[in-house]
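Just target-v3.cif here, mmCIF, C-alpha atoms:
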data_data
loop_
_atom_site.label_atom_id
_atom_site.label_comp_id
_atom_site.auth_asym_id
_atom_site.auth_seq_id
_atom_site.Cartn_x
_atom_site.Cartn_y
_atom_site.Cartn_z
CA MET R 1 0.00 0.00 0.00
CA THR R 2 1.45 3.37 -1.03
CA SER R 3 2.44 5.50 1.97
CA VAL R 4 1.94 9.26 2.01
CA LEU R 5 3.16 12.21 4.06
CA ILE R 6 0.85 15.24 3.86
CA VAL R 7 2.34 18.71 4.35
CA ASP R 8 -0.02 21.71 4.52
CA ASP R 9 -0.51 24.46 7.08
CA GLU R 10 -4.31 24.35 6.85
CA LEU R 11 -5.81 21.69 9.10
CA PHE R 12 -8.94 21.37 6.95
CA ILE R 13 -6.81 20.70 3.86
CA VAL R 14 -4.75 18.06 5.70
CA GLU R 15 -8.00 16.41 6.85
CA LEU R 16 -9.41 16.59 3.34
CA TYR R 17 -6.39 14.88 1.75
CA ARG R 18 -6.33 12.30 4.53
CA ASP R 19 -10.05 11.49 4.13
CA ILE R 20 -9.80 11.10 0.39
CA LEU R 21 -6.48 9.27 0.22
CA GLN R 22 -7.56 6.78 2.88
CA LEU R 23 -10.84 6.18 1.06
CA ARG R 24 -8.87 5.47 -2.11
CA GLY R 25 -6.65 2.95 -0.36
CA TYR R 26 -3.54 5.00 0.44
CA ARG R 27 -1.78 4.85 3.81
CA VAL R 28 -1.24 8.27 5.37
CA VAL R 29 1.85 7.81 7.53
CA GLY R 30 2.23 11.37 8.73
CA THR R 31 1.18 14.98 8.55
CA ALA R 32 3.11 18.23 8.99
CA PHE R 33 1.92 21.82 9.16
CA ASP R 34 5.03 23.59 7.91
CA GLY R 35 8.17 22.79 5.94
CA GLU R 36 10.41 22.54 8.97
CA GLU R 37 8.14 20.04 10.71
CA ALA R 38 7.97 18.06 7.48
CA LEU R 39 11.75 18.01 7.21
CA ARG R 40 12.15 16.97 10.83
CA LYS R 41 9.60 14.18 10.57
CA TYR R 42 11.07 13.03 7.26
CA SER R 43 14.62 12.95 8.65
CA GLN R 44 13.51 10.95 11.69
CA ALA R 45 11.30 8.49 9.82
CA LEU R 46 12.82 5.04 9.64
CA GLU R 47 10.60 4.18 6.72
CA LYS R 48 10.36 7.03 4.22
CA PRO R 49 6.95 7.69 2.65
CA ASP R 50 6.50 6.69 -0.98
CA VAL R 51 4.97 10.07 -1.79
CA ILE R 52 4.93 13.49 -0.16
CA ILE R 53 2.10 15.90 -0.91
CA MET R 54 3.62 19.32 -0.38
CA ASP R 55 1.97 22.72 -0.09
CA HIS R 56 3.99 25.87 -0.76
CA ARG R 57 2.89 28.80 1.39
CA MET R 58 3.51 27.72 4.97
CA PRO R 59 5.01 29.37 8.04
CA VAL R 60 8.62 28.79 9.17
CA MET R 61 9.73 27.04 5.96
CA ASN R 62 7.89 27.05 2.64
CA GLY R 63 7.27 24.06 0.38
CA VAL R 64 10.03 24.80 -2.12
CA GLU R 65 12.68 25.02 0.62
CA ALA R 66 11.36 21.89 2.34
CA THR R 67 11.40 20.00 -0.97
CA LYS R 68 15.00 21.05 -1.63
CA GLU R 69 16.09 19.81 1.79
CA ILE R 70 14.20 16.54 1.50
CA ILE R 71 15.66 15.88 -1.94
CA LYS R 72 19.14 16.45 -0.47
CA ILE R 73 18.43 13.64 2.00
CA ASN R 74 16.85 11.38 -0.63
CA PRO R 75 17.17 12.41 -4.28
CA ARG R 76 14.65 9.72 -5.27
CA GLN R 77 11.87 10.97 -3.01
CA LYS R 78 8.65 11.55 -4.94
CA VAL R 79 7.08 14.90 -4.15
CA ILE R 80 3.75 16.09 -5.55
CA PHE R 81 3.59 19.83 -5.18
CA VAL R 82 0.16 21.41 -4.71
CA SER R 83 -0.36 25.13 -4.53
CA ALA R 84 -2.83 27.86 -5.29
CA ASP R 85 0.20 29.83 -6.45
CA VAL R 86 0.68 28.72 -10.07
CA LEU R 87 3.68 30.98 -10.52
CA VAL R 88 5.72 28.75 -8.24
CA GLU R 89 5.51 25.66 -10.49
CA GLN R 90 8.93 26.03 -12.12
CA GLU R 91 10.61 26.69 -8.78
CA ALA R 92 8.93 23.61 -7.31
CA ARG R 93 10.04 21.42 -10.19
CA THR R 94 13.59 22.76 -9.97
CA ALA R 95 13.58 21.96 -6.24
CA GLY R 96 12.76 18.35 -7.12
CA ALA R 97 8.97 18.00 -7.24
CA ILE R 98 7.99 15.53 -9.94
CA GLU R 99 4.39 16.70 -10.27
CA PHE R 100 2.61 19.99 -9.77
CA LEU R 101 -1.10 20.50 -9.19
CA PRO R 102 -2.57 24.00 -9.13
CA LYS R 103 -5.36 24.51 -6.59
CA PRO R 104 -8.19 24.03 -6.92
CA PHE R 105 -7.86 20.64 -8.57
CA ARG R 106 -10.09 17.61 -8.95
CA MET R 107 -9.34 14.84 -6.48
CA ASP R 108 -9.32 12.42 -9.39
CA ASP R 109 -6.39 14.39 -10.82
CA LEU R 110 -4.47 13.94 -7.57
CA ILE R 111 -5.30 10.23 -7.45
CA GLU R 112 -4.25 9.87 -11.10
CA LYS R 113 -0.88 11.48 -10.37
CA MET R 114 -0.49 9.36 -7.24
CA ALA R 115 -1.16 6.21 -9.25
CA LYS R 116 1.22 7.27 -12.00
CA ILE R 117 4.18 7.91 -9.74
CA SER R 118 3.49 5.02 -7.39
CA LEU R 119 3.98 2.53 -10.19
CA PRO R 120 7.14 0.44 -9.74
CA MET L 121 -8.26 60.95 13.87
CA LYS L 122 -6.20 57.85 14.40
CA GLY L 123 -6.71 56.64 10.86
CA HIS L 124 -4.69 59.51 9.48
CA GLU L 125 -1.68 58.42 11.52
CA GLY L 126 -1.70 54.91 10.07
CA THR L 127 0.66 53.67 7.39
CA ARG L 128 -0.49 54.64 3.92
CA ARG L 129 -0.57 51.47 1.89
CA THR L 130 1.10 51.35 -1.48
CA ARG L 131 -0.25 49.71 -4.63
CA ALA L 132 2.24 46.87 -4.02
CA ASP L 133 0.80 46.34 -0.52
CA LEU L 134 -2.71 46.12 -1.92
CA GLU L 135 -1.59 43.63 -4.57
CA LEU L 136 0.02 41.54 -1.85
CA TYR L 137 -3.14 41.54 0.27
CA ALA L 138 -5.27 40.67 -2.76
CA ASP L 139 -2.89 37.79 -3.46
CA ILE L 140 -3.02 36.50 0.13
CA LEU L 141 -6.80 36.79 0.33
CA SER L 142 -7.38 35.08 -3.00
CA HIS L 143 -4.91 32.33 -2.05
CA ASP L 144 -6.97 31.57 1.06
CA ILE L 145 -10.23 31.66 -0.90
CA LEU L 146 -8.80 29.10 -3.33
CA ASN L 147 -7.76 26.89 -0.40
CA ASN L 148 -11.27 26.98 1.05
CA ASN L 149 -12.73 26.44 -2.36
CA GLN L 150 -10.55 23.37 -2.81
CA ALA L 151 -12.08 21.80 0.28
CA VAL L 152 -15.67 22.56 -0.78
CA MET L 153 -15.05 21.19 -4.28
CA SER L 154 -13.38 18.06 -3.03
CA TYR L 155 -16.04 17.19 -0.47
CA LEU L 156 -18.66 17.68 -3.17
CA GLU L 157 -16.68 15.25 -5.31
CA LEU L 158 -16.80 12.80 -2.41
CA ILE L 159 -20.59 13.17 -2.17
CA ILE L 160 -20.98 12.66 -5.92
CA ALA L 161 -18.80 9.53 -5.81
CA THR L 162 -20.69 7.96 -2.91
CA PRO L 163 -22.88 5.11 -4.22
CA GLU L 164 -25.51 5.49 -1.48
CA VAL L 165 -26.27 9.09 -2.48
CA ASP L 166 -29.42 9.38 -4.62
CA ASP L 167 -29.39 10.87 -8.13
CA LYS L 168 -31.24 14.04 -7.20
CA THR L 169 -28.75 14.88 -4.45
CA LYS L 170 -25.89 14.09 -6.82
CA LYS L 171 -27.38 16.48 -9.36
CA TYR L 172 -27.52 19.25 -6.77
CA ALA L 173 -23.95 18.47 -5.73
CA LEU L 174 -22.84 18.68 -9.38
CA LYS L 175 -24.46 22.09 -9.72
CA ALA L 176 -22.77 23.27 -6.51
CA SER L 177 -19.49 21.84 -7.79
CA SER L 178 -19.86 23.81 -11.01
CA GLN L 179 -20.44 27.02 -9.07
CA THR L 180 -17.36 26.49 -6.90
CA ARG L 181 -15.23 25.88 -9.99
CA MET L 182 -16.50 29.09 -11.54
CA LEU L 183 -15.76 30.88 -8.29
CA ALA L 184 -12.18 29.62 -8.49
CA LEU L 185 -11.84 30.98 -12.03
CA MET L 186 -13.22 34.34 -10.94
CA VAL L 187 -10.76 34.50 -8.04
CA GLU L 188 -7.93 33.75 -10.47
CA ASP L 189 -9.22 36.59 -12.64
CA VAL L 190 -9.24 38.97 -9.68
CA LYS L 191 -5.65 37.94 -8.91
CA LYS L 192 -4.59 38.59 -12.49
CA VAL L 193 -6.28 41.97 -12.57
CA ALA L 194 -4.88 43.00 -9.17
CA SER L 195 -1.36 41.88 -10.00
CA GLY L 196 -1.33 43.53 -13.40
CA ILE L 197 -0.57 40.24 -15.19
CA ILE L 198 -3.04 41.08 -17.94
CA ALA L 199 -1.05 44.19 -18.76
CA ALA L 200 2.25 42.33 -18.87
CA PRO L 201 2.01 39.14 -20.94
CA SER L 202 4.43 36.38 -19.94
CA PRO L 203 7.73 36.28 -21.81
CA LYS L 204 7.25 32.94 -23.52
CA GLY L 205 4.47 31.79 -25.77
CA VAL L 206 2.50 28.56 -25.78
CA GLU L 207 1.45 26.49 -28.81
CA LEU L 208 -2.03 27.60 -29.80
CA ARG L 209 -3.14 23.96 -30.05
CA LYS L 210 -2.14 23.42 -26.40
CA ILE L 211 -4.10 26.48 -25.34
CA VAL L 212 -7.18 25.15 -27.14
CA ASP L 213 -6.83 21.68 -25.59
CA GLN L 214 -6.37 23.18 -22.13
CA THR L 215 -9.40 25.42 -22.64
CA GLN L 216 -11.58 22.46 -23.58
CA LYS L 217 -10.44 20.60 -20.48
CA GLU L 218 -11.14 23.59 -18.27
CA ILE L 219 -14.64 24.06 -19.66
CA ARG L 220 -15.41 20.38 -19.08
CA ASN L 221 -14.19 20.78 -15.50
CA LEU L 222 -16.18 23.99 -14.98
CA PHE L 223 -19.44 22.35 -15.93
CA PRO L 224 -19.49 18.80 -14.60
CA ASP L 225 -23.30 19.04 -14.58
CA LYS L 226 -23.54 19.68 -18.35
CA LYS L 227 -22.40 18.06 -21.56
CA VAL L 228 -20.75 20.97 -23.31
CA VAL L 229 -19.94 20.37 -26.97
CA LEU L 230 -17.13 22.67 -28.09
CA ARG L 231 -16.13 22.69 -31.75
CA THR L 232 -12.94 24.61 -32.28
CA THR L 233 -11.58 25.59 -35.67
CA ILE L 234 -8.10 27.00 -36.02
CA ALA L 235 -7.45 28.76 -39.32
CA PRO L 236 -4.33 27.62 -41.21
CA SER L 237 -2.85 31.09 -40.67
CA ALA L 238 -2.83 30.47 -36.91
CA ALA L 239 -2.25 26.73 -36.71
CA SER L 240 1.47 26.80 -36.04
CA GLU L 241 1.52 30.01 -34.03
CA LYS L 242 2.39 30.53 -30.40
CA ALA L 243 0.28 32.77 -28.21
CA ASP L 244 0.45 34.07 -24.69
CA GLU L 245 -1.51 32.19 -22.03
CA ILE L 246 -3.72 35.25 -21.61
CA LEU L 247 -5.39 34.25 -24.88
CA GLY L 248 -6.47 31.02 -23.17
CA ASP L 249 -7.59 32.93 -20.08
CA ILE L 250 -9.77 35.17 -22.23
CA LEU L 251 -11.22 32.22 -24.13
CA VAL L 252 -12.07 30.28 -20.96
CA ASN L 253 -13.78 33.34 -19.50
CA VAL L 254 -15.87 34.01 -22.60
CA LEU L 255 -16.82 30.33 -22.83
CA MET L 256 -17.77 30.19 -19.15
CA ASN L 257 -20.35 32.92 -19.73
CA ALA L 258 -21.36 31.47 -23.11
CA VAL L 259 -22.38 28.21 -21.44
CA GLN L 260 -24.40 30.17 -18.88
CA LEU L 261 -26.05 32.25 -21.62
CA ASP L 262 -27.04 29.13 -23.55
CA ASN L 263 -28.49 27.52 -20.42
CA VAL L 264 -29.31 24.05 -21.75
CA GLU L 265 -27.98 20.68 -20.64
CA SER L 266 -25.87 20.24 -23.77
CA PRO L 267 -24.78 23.60 -25.17
CA ARG L 268 -23.12 23.42 -28.57
CA ILE L 269 -20.59 26.19 -28.98
CA GLU L 270 -18.42 27.01 -31.97
CA VAL L 271 -15.02 28.61 -31.55
CA SER L 272 -12.89 29.87 -34.38
CA ILE L 273 -9.41 31.31 -34.07
CA GLU L 274 -7.53 33.06 -36.82
CA LEU L 275 -4.79 35.57 -37.39
CA ALA L 276 -6.56 38.35 -39.25
CA LYS L 277 -5.10 41.42 -40.88
CA ALA L 278 -6.00 45.10 -40.60
CA GLY L 279 -3.67 47.16 -42.73
CA GLU L 280 -0.16 46.20 -41.73
CA GLU L 281 -1.23 44.92 -38.35
CA ARG L 282 -2.07 41.28 -37.68
CA TYR L 283 -4.34 40.40 -34.82
CA TRP L 284 -5.88 37.37 -33.15
CA LYS L 285 -9.55 37.08 -33.95
CA VAL L 286 -11.39 34.69 -31.67
CA VAL L 287 -15.08 34.12 -32.36
CA VAL L 288 -17.34 32.29 -29.92
CA SER L 289 -20.82 31.60 -31.26
CA ASP L 290 -23.86 29.58 -30.31
CA ASP L 291 -27.27 29.39 -32.00
CA ASN L 292 -28.99 29.15 -28.65
CA MET L 293 -27.03 31.76 -26.72
CA VAL L 294 -28.79 34.93 -25.58
CA LEU L 295 -26.95 38.21 -25.96
CA PRO L 296 -26.60 39.93 -22.57
CA PRO L 297 -28.66 43.16 -22.43
CA MET L 298 -25.58 45.24 -21.79
CA PHE L 299 -24.14 44.26 -25.16
CA LYS L 300 -27.52 44.98 -26.81
CA LYS L 301 -27.54 48.50 -25.44
CA ASP L 302 -23.96 48.92 -26.49
CA VAL L 303 -22.81 50.15 -23.12
CA ALA L 304 -20.18 47.44 -22.86
CA GLY L 305 -17.62 49.94 -24.03
CA THR L 306 -18.35 52.40 -21.26
CA VAL L 307 -17.53 50.41 -18.14
CA ASP L 308 -16.12 52.74 -15.56
CA ALA L 309 -16.45 53.50 -11.86
CA LYS L 310 -19.41 55.80 -12.44
CA ASN L 311 -21.63 53.27 -14.12
CA LYS L 312 -20.76 50.04 -12.33
CA SER L 313 -24.45 49.21 -11.97
CA THR L 314 -24.95 49.10 -15.74
CA ALA L 315 -21.61 47.53 -16.61
CA VAL L 316 -21.31 44.10 -18.22
CA ARG L 317 -22.53 41.91 -15.40
CA MET L 318 -21.04 38.63 -16.50
CA SER L 319 -17.58 38.56 -15.00
CA GLY L 320 -16.07 36.34 -17.70
CA LEU L 321 -17.02 38.79 -20.42
CA ALA L 322 -15.91 41.68 -18.24
CA PHE L 323 -12.51 40.02 -17.78
CA ALA L 324 -12.24 39.35 -21.52
CA LYS L 325 -13.10 42.97 -22.21
CA LEU L 326 -10.57 44.34 -19.74
CA ALA L 327 -7.79 41.99 -20.84
CA SER L 328 -8.32 42.47 -24.58
CA GLU L 329 -8.63 46.24 -24.30
CA THR L 330 -5.55 46.43 -22.09
CA MET L 331 -3.64 44.82 -24.94
CA GLY L 332 -5.08 47.17 -27.53
CA GLY L 333 -7.93 45.00 -28.78
CA GLY L 334 -11.53 44.56 -27.69
CA ILE L 335 -14.65 42.43 -27.58
CA ARG L 336 -17.88 42.76 -29.54
CA GLY L 337 -21.14 40.93 -28.97
CA GLU L 338 -23.94 40.61 -31.53
CA GLU L 339 -27.06 38.63 -32.31
CA MET L 340 -26.69 36.27 -35.24
CA ALA L 341 -30.21 35.92 -36.71
CA LYS L 342 -32.52 38.69 -35.57
CA GLY L 343 -35.76 37.13 -36.85
CA ARG L 344 -35.13 33.76 -35.23
CA SER L 345 -35.99 32.79 -31.67
CA PRO L 346 -33.59 32.56 -30.02
CA PRO L 347 -31.44 34.58 -32.39
CA GLY L 348 -28.21 33.12 -31.05
CA CYS L 349 -25.19 35.31 -30.63
CA ARG L 350 -21.50 35.60 -31.15
CA PHE L 351 -18.68 37.28 -29.32
CA THR L 352 -15.67 38.43 -31.28
CA VAL L 353 -12.48 39.10 -29.37
CA SER L 354 -9.57 40.80 -31.08
CA ILE L 355 -6.07 41.17 -29.74
CA PRO L 356 -3.13 42.64 -31.68
CA ARG L 357 -0.70 39.86 -32.52
CA GLY L 358 2.27 41.75 -31.17
CA ALA L 359 0.67 41.92 -27.74
CA VAL L 360 0.63 38.19 -27.19
CA VAL L 361 2.82 36.44 -29.73
CA HIS L 362 6.43 35.58 -29.08
CA ASP L 363 8.53 34.46 -32.02
#

As structure tokens:
Amino acid sequence: MTSVLIVDDELFIVELYRDILQLRGYRVVGTAFDGEEALRKYSQALEKPDVIIMDHRMPVMNGVEATKEIIKINPRQKVIFVSADVLVEQEARTAGAIEFLPKPFRMDDLIEKMAKISLP
Amino acid sequence: MKGHEGTRRTRADLELYADILSHDILNNNQAVMSYLELIIATPEVDDKTKKYALKASSQTRMLALMVEDVKKVASGIIAAPSPKGVELRKIVDQTQKEIRNLFPDKKVVLRTTIAPSAASEKADEILGDILVNVLMNAVQLDNVESPRIEVSIELAKAGEERYWKVVVSDDNMVLPPMFKKDVAGTVDAKNKSTAVRMSGLAFAKLASETMGGGIRGEEMAKGRSPPGCRFTVSIPRGAVVHD
């Protein structure tokens, strides 16, 4: 079962992703509310998540910075970047995100991207 | 008065606040849209409730587009096209996808014709933004379950100048009264109440005029009921094309 770490500063968005991903058969192994917390939890995790869903605008450390740091630890980590800020797409991809979804998006689009990158 | 002692905000401050506010609206909108999707996908939910949820979903998607428009207007993006162009074909494909997503409760049939003169051209994304906005209102003005809308795109010529000519037409579409009275060209702060009320058309008007073009709306067959109508958007090629 594909494991997921959700990173977003809005509790209702974290709950939304968790509800939907769990319904669709994904295993949510952690949540973080800013980039620094995500980085800390990622560094400490013995088993790294298959996919990270990463927001951009967050306090303390934003999504692009967090993605850069996580990719330094594990260059093969799959990060799906989601943001209402479409102008940040190129920066996110340069940081190492392999997919970008502009908010608002259809949940089926997220699931489709999850399925695509979870394939062995 | 204390207000006079406060910091006077600059245009850049206001843009920043508009950006932050719209970002949060989009976040909230994402949650509403997604939970509606969950309701629609739940097998136990009856068809009537699903239909209502689809209509609500359509409205939230339109709201998201309008918020994006507000962001673009507030940030001045429409006055400063992006430095690189996009294949016109890609813009058309993306537009069709967006219209399908905007109206999950309808079966919109879009037939797009690209003239040979424009087929291999690149255009700025703002052309797609304008097209999506006009089509959003076109679907609303048609107001049937399966609107059939024709779109044609060409590079036309006026003297030495070439310009994008985008025509959106529909036999069943009703021309908004404001276009009938020809006051669409006089939108300003003094006559907000009589301005073009449909925000997609208003955005198309603002964006095209900012780039030196414009939008025209007209009935197609005056004796017929409904007469149908077409919107013609023109944008100087130089404003949005990058060689």

Worksheet item: In Å, with one decimal, what is the gap from CA of Thr94 (chain R) to CA of Ile71 (chain R)?
Response: 10.8 Å

Fill in: Residue hits in chain L, query chain R, radius 8 Å, only C-alpha atoms, as an MDAnalysis selection string
chainID L and resid 143 146:147 149:151 153:155 157:158 181 184

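Once the PyMOL selection byres ((chain L and resi 225) around 7) is applied to this file, the selection holds Leu174, Lys175, Ser178, Phe223, Pro224 and Lys226 of chain L.
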
Worksheet item: In Å, with one decimal, what is the gap from CA of Phe351 (chain L) to CA of Ala278 (chain L)?
Response: 18.7 Å

Practice prompt. Rank nothing, just name the residue among R:Ala92, R:Leu87, R:Ile111, R:Val82 nearest to Thr67 (chain R), using only C-alpha atoms.
Written response: R:Ala92

Practice prompt. Check which residues satisfy the PyMOL selection byres ((chain L and resi 295) around 9) in the file shown, then give them as an MDAnalysis selection string.
Written response: chainID L and resid 261 293:294 296:300 337:339 347:351

Fill in: Gap from CA of Ser272 (chain L) to CA of Ala327 (chain L) - Å, one decimal
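So the two atoms, CA of Ser272 (chain L) and CA of Ala327 (chain L), lie 18.9 Å apart.
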
Mind rebuilding region 161-182 of chain L with N, CA and C atoms and writing that out as a short mmCIF file (atom, residue, chain, number, x, y, z; two decimals), keeping the file's coordinate frame?
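Below is the file that was written, rebuild04.cif:
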data_model
loop_
_atom_site.label_atom_id
_atom_site.label_comp_id
_atom_site.auth_asym_id
_atom_site.auth_seq_id
_atom_site.Cartn_x
_atom_site.Cartn_y
_atom_site.Cartn_z
N ALA L 161 -19.35 10.88 -5.59
CA ALA L 161 -18.80 9.53 -5.81
C ALA L 161 -19.35 8.49 -4.83
N THR L 162 -20.16 8.92 -3.89
CA THR L 162 -20.69 7.96 -2.91
C THR L 162 -21.89 7.21 -3.47
N PRO L 163 -21.80 5.88 -3.58
CA PRO L 163 -22.88 5.11 -4.22
C PRO L 163 -24.24 5.25 -3.53
N GLU L 164 -24.23 5.43 -2.22
CA GLU L 164 -25.51 5.49 -1.48
C GLU L 164 -26.28 6.79 -1.74
N VAL L 165 -25.61 7.80 -2.27
CA VAL L 165 -26.27 9.09 -2.48
C VAL L 165 -27.20 9.00 -3.70
N ASP L 166 -28.45 9.50 -3.52
CA ASP L 166 -29.42 9.38 -4.62
C ASP L 166 -29.11 10.37 -5.75
N ASP L 167 -29.70 10.10 -6.91
CA ASP L 167 -29.39 10.87 -8.13
C ASP L 167 -29.72 12.36 -8.00
N LYS L 168 -30.84 12.64 -7.32
CA LYS L 168 -31.24 14.04 -7.20
C LYS L 168 -30.21 14.82 -6.38
N THR L 169 -29.77 14.22 -5.28
CA THR L 169 -28.75 14.88 -4.45
C THR L 169 -27.45 15.04 -5.23
N LYS L 170 -27.12 14.00 -6.01
CA LYS L 170 -25.89 14.09 -6.82
C LYS L 170 -25.99 15.24 -7.82
N LYS L 171 -27.19 15.40 -8.39
CA LYS L 171 -27.38 16.48 -9.36
C LYS L 171 -27.17 17.85 -8.70
N TYR L 172 -27.72 17.99 -7.50
CA TYR L 172 -27.52 19.25 -6.77
C TYR L 172 -26.03 19.46 -6.47
N ALA L 173 -25.38 18.37 -6.07
CA ALA L 173 -23.95 18.47 -5.73
C ALA L 173 -23.14 18.85 -6.97
N LEU L 174 -23.53 18.33 -8.13
CA LEU L 174 -22.84 18.68 -9.38
C LEU L 174 -23.00 20.17 -9.70
N LYS L 175 -24.22 20.66 -9.46
CA LYS L 175 -24.46 22.09 -9.72
C LYS L 175 -23.62 22.94 -8.76
N ALA L 176 -23.58 22.53 -7.50
CA ALA L 176 -22.77 23.27 -6.51
C ALA L 176 -21.29 23.20 -6.89
N SER L 177 -20.89 22.03 -7.37
CA SER L 177 -19.49 21.84 -7.79
C SER L 177 -19.14 22.79 -8.94
N SER L 178 -20.08 22.91 -9.88
CA SER L 178 -19.86 23.81 -11.01
C SER L 178 -19.69 25.26 -10.54
N GLN L 179 -20.53 25.65 -9.59
CA GLN L 179 -20.44 27.02 -9.07
C GLN L 179 -19.11 27.28 -8.36
N THR L 180 -18.63 26.28 -7.61
CA THR L 180 -17.36 26.49 -6.90
C THR L 180 -16.19 26.57 -7.89
N ARG L 181 -16.30 25.80 -8.97
CA ARG L 181 -15.23 25.88 -9.99
C ARG L 181 -15.23 27.25 -10.66
N MET L 182 -16.44 27.75 -10.92
CA MET L 182 -16.50 29.09 -11.54
C MET L 182 -15.96 30.14 -10.57
#
